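Q: Let me begin by handing over the structure; questions about it come next.
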Amino acid sequence: MDILAYGFMQKAFLAAVMTGLLCSLLSFFVYLNRLSFMGAGVSHAMLGGLALGVLLNLNPLYTGSLFAILVALLVGYISKYGKIQADTVIGIFFSTGMALGITLISFKSGYYPELFSLLFGNVLTVTAADLWVLAAVMVLVLLFIFIFFKELLAISFDEELARANGLPVNFLYLGLLVSLALTVVASVLVVGIVLASALLVIPAAAGYRLCANYRAMLLCSVATGIVSGLAGLLFTYHYDVPSGAAIVLCASAIFFLTFVPGLPALFKKRR
């Protein structure tokens, strides 16, 4: 516990806990709505917004955030009203955002450590301002999920039935996509663009393997996110490995442990 004597480690622990909670909670709905590729698409398309910020001498995180939200809304709108499969639209924005980012970066010479940090993540460099951004995103997303939890469950299990019951399906779907984009932005501070999508998939997948009902699955997902965040941070501190990769590898290790023979059945029985 002496590592908490360092100010940067205190910030890192707070960031890891908040990111783990936020990503794992949203991961539950990402898994149910089959939006796993969406997280990867938004996070990688966000590179275009980051590069735009570097080119215009603006904070890359702010321009990347606006770009991520815009991409999420466009994907939702085109897939709903353009009669094109969502995975096709995501694939288009995925490649377009990456290509745009690479092109814009090539227009400006020099080395940009802040861009490198956003690409691969470094929780040990999180500042107090980053924590406030992370906290603001967490409050907004959690409020949305708390207010519309039952409605989001309804569209996740049966969208047509939810529409027949008069629920604002399109509003809820777009709200979920915006929440996903904001969560990707927050995750970038800790694990980076390359790995952000992993935390939106792995916790819920582990929960699904171990639990027999959605309540237990949600709790297990949150536990996986928080534990992997803290374990990855400790691993980074002791062995000097990249923090983003360490956190994702810890989450992956928890997921693969669910394949130990007899463990899922035992866990479900106790639940």
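Residue numbering restarts at 1 for every chain of the structure tokens, chains are lettered A, B, ... in their displayed order, and ligands are numbered from 1 as they appear.
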Just want the 7 Å neighbourhood of range 86-90 of chain A, counted on only C-alpha atoms, with same-chain residues fewer than 3 positions away dropped. Output as a list in words.

A: Met38, Gly41, Val75, Ser79, Phe93 and Phe94 of chain A

Q: Write to file, as an mmCIF file, in the first residue's frame, the residues of the selection just made, with N, CA and C atoms.

A:
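File written: selection_21.cif
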```cif
data_model
loop_
_atom_site.group_PDB
_atom_site.id
_atom_site.type_symbol
_atom_site.label_atom_id
_atom_site.label_comp_id
_atom_site.auth_asym_id
_atom_site.auth_seq_id
_atom_site.Cartn_x
_atom_site.Cartn_y
_atom_site.Cartn_z
ATOM 1 N N MET A 38 -18.576 -1.945 -32.646
ATOM 2 C CA MET A 38 -18.819 -0.511 -32.581
ATOM 3 C C MET A 38 -17.753 0.173 -31.729
ATOM 4 N N GLY A 41 -14.659 0.337 -33.727
ATOM 5 C CA GLY A 41 -14.806 1.283 -34.823
ATOM 6 C C GLY A 41 -14.680 2.725 -34.364
ATOM 7 N N VAL A 75 -23.065 6.619 -37.509
ATOM 8 C CA VAL A 75 -23.237 5.169 -37.649
ATOM 9 C C VAL A 75 -24.662 4.770 -37.303
ATOM 10 N N SER A 79 -27.183 3.451 -40.250
ATOM 11 C CA SER A 79 -27.607 2.051 -40.120
ATOM 12 C C SER A 79 -29.118 1.939 -39.940
ATOM 13 N N PHE A 93 -16.439 3.659 -41.413
ATOM 14 C CA PHE A 93 -15.930 4.739 -40.573
ATOM 15 C C PHE A 93 -14.619 4.356 -39.897
ATOM 16 N N PHE A 94 -14.474 3.080 -39.552
ATOM 17 C CA PHE A 94 -13.236 2.570 -38.961
ATOM 18 C C PHE A 94 -12.057 2.892 -39.874
#
```

Q: Taking the chain letters and numbering used in this document, name the residues of range 58-186 of chain A that DSSP puts in alpha helix (DSSP H), as an NGL selection string.

A: :A and (60-81 or 86-106 or 113-120 or 128-147 or 149-157 or 159-164 or 169-186)

Q: So that I can see what lies close to range 203-205 of chain A, please list as a count of residues only the residues with an atom at most 12 Å from it, counting only C-alpha atoms and leaving out residues fewer than 6 positions away in the same chain.

A: 48

Q: Which one of A:Asn170, A:Ser43, A:Thr127, A:Asn165 sits closest to Ile69 in chain A if you count only C-alpha atoms?

A: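 The closest residue to Ile69 in chain A is A:Ser43.
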
Q: Just give me the gap between CA of Val17 in chain A and CA of Leu131 in chain A in Å, one decimal is fine.

A: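 Spanning CA of Val17 in chain A to CA of Leu131 in chain A is a straight-line distance of 11.0 Å.
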
Q: Within 10 Å of Phe67 in chain A, counting only C-alpha atoms, which residues qualify if same-chain residues fewer than 3 places away don't, as a list in words?

A: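 Counting only C-alpha atoms, the residues come to Val42, Ser43, Ala45, Met46, Leu47, Gly48, Gly49, Leu50, Leu52, Leu61, Tyr62, Thr63, Gly64, Leu70, Val71, Ala72, Leu73, Gly97, Ala181 and Val185 of chain A.
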
Q: Could you dump the residues just selected with N, CA and C atoms as a compact mmCIF listing (two decimals), in the first residue's frame?

A:
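That gives us out.txt:
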```
# COMPACT_ATOMS: atom_id res chain seq x y z
N VAL A 42 -15.37 3.07 -33.28
CA VAL A 42 -15.34 4.45 -32.77
C VAL A 42 -13.95 4.80 -32.26
N SER A 43 -13.33 3.89 -31.52
CA SER A 43 -12.01 4.18 -30.95
C SER A 43 -10.96 4.40 -32.04
N ALA A 45 -11.64 5.16 -35.31
CA ALA A 45 -12.02 6.32 -36.12
C ALA A 45 -11.67 7.61 -35.40
N MET A 46 -11.59 7.56 -34.07
CA MET A 46 -11.25 8.73 -33.27
C MET A 46 -9.87 9.27 -33.61
N LEU A 47 -9.03 8.45 -34.22
CA LEU A 47 -7.69 8.90 -34.60
C LEU A 47 -7.75 10.12 -35.52
N GLY A 48 -8.79 10.17 -36.38
CA GLY A 48 -8.95 11.32 -37.26
C GLY A 48 -9.14 12.61 -36.47
N GLY A 49 -9.94 12.55 -35.40
CA GLY A 49 -10.16 13.73 -34.57
C GLY A 49 -8.92 14.12 -33.79
N LEU A 50 -8.17 13.13 -33.30
CA LEU A 50 -6.94 13.43 -32.58
C LEU A 50 -5.93 14.12 -33.50
N LEU A 52 -6.57 15.83 -36.14
CA LEU A 52 -7.06 17.17 -36.45
C LEU A 52 -6.67 18.16 -35.36
N LEU A 61 -7.54 15.60 -27.31
CA LEU A 61 -8.61 14.88 -26.62
C LEU A 61 -9.97 15.51 -26.90
N TYR A 62 -10.01 16.84 -26.96
CA TYR A 62 -11.29 17.52 -27.21
C TYR A 62 -11.77 17.29 -28.64
N THR A 63 -10.87 17.46 -29.60
CA THR A 63 -11.28 17.23 -31.00
C THR A 63 -11.59 15.76 -31.23
N GLY A 64 -10.84 14.88 -30.59
CA GLY A 64 -11.12 13.45 -30.72
C GLY A 64 -12.46 13.07 -30.12
N LEU A 70 -19.55 12.27 -33.10
CA LEU A 70 -20.09 12.44 -34.45
C LEU A 70 -20.12 11.12 -35.20
N VAL A 71 -19.06 10.35 -35.09
CA VAL A 71 -19.00 9.04 -35.76
C VAL A 71 -20.09 8.12 -35.22
N ALA A 72 -20.26 8.08 -33.89
CA ALA A 72 -21.27 7.22 -33.29
C ALA A 72 -22.67 7.59 -33.78
N LEU A 73 -22.97 8.89 -33.83
CA LEU A 73 -24.29 9.33 -34.30
C LEU A 73 -24.50 9.02 -35.78
N GLY A 97 -11.71 6.87 -40.69
CA GLY A 97 -11.12 7.64 -39.60
C GLY A 97 -9.63 7.39 -39.45
N ALA A 181 -19.51 6.22 -27.19
CA ALA A 181 -18.46 7.11 -27.69
C ALA A 181 -17.78 7.85 -26.54
N VAL A 185 -13.85 7.67 -25.21
CA VAL A 185 -13.02 8.86 -24.95
C VAL A 185 -12.39 8.78 -23.56
```

Q: Any idea what's packed within 10 Å of Thr236 in chain A, counting only C-alpha atoms, ignoring anything in its chain fewer than 3 positions away? Could you give it as a list of chain:residue names?

A: A:Asn122, A:Val123, A:Leu124, A:Leu230, A:Ala231, A:Gly232, A:Leu233, A:Tyr239, A:Asp240, A:Val241, A:Pro242, A:Ser243, A:Gly244, A:Ala245, A:Ala246, A:Ile247

Q: Residues as selected, C-alpha atoms, written as a compact mmCIF listing (two decimals), in the first residue's frame, can you do that?

A:
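Contents of the output file result.txt:
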```txt
# COMPACT_ATOMS: atom_id res chain seq x y z
CA ASN A 122 -0.56 5.56 -19.90
CA VAL A 123 -2.57 5.66 -16.69
CA LEU A 124 0.48 6.83 -14.73
CA LEU A 230 -6.37 -2.36 -10.32
CA ALA A 231 -4.46 -5.57 -11.07
CA GLY A 232 -3.11 -4.13 -14.32
CA LEU A 233 -1.99 -1.00 -12.51
CA TYR A 239 7.21 -4.75 -13.69
CA ASP A 240 7.34 -1.49 -15.70
CA VAL A 241 5.08 -2.64 -18.55
CA PRO A 242 2.62 -0.45 -20.52
CA SER A 243 -0.41 0.22 -18.33
CA GLY A 244 -3.06 -0.10 -21.03
CA ALA A 245 -1.79 -3.47 -22.19
CA ALA A 246 -1.45 -4.73 -18.60
CA ILE A 247 -5.06 -3.82 -17.76
```

Q: For Phe107 in chain A, which residue among A:Leu142, A:Leu234, A:Val188, A:Val54 is the nearest when counting only C-alpha atoms?

A: A:Val54

Q: What does the distance from CA of Leu195 in chain A to CA of Ala16 in chain A come to in Å, to one decimal?

A: 13.9 Å

Q: Mind checking which residues fall within 10 Å of Ile145 in chain A, counting only C-alpha atoms, ignoring those fewer than 6 positions away in the same chain, and posting them as a list in words?

A: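 Those residues are Leu25, Leu26, Phe29, Val139, Glu151, Leu152, Leu153, Leu172, Gly175, Leu176 and Ser179 of chain A.
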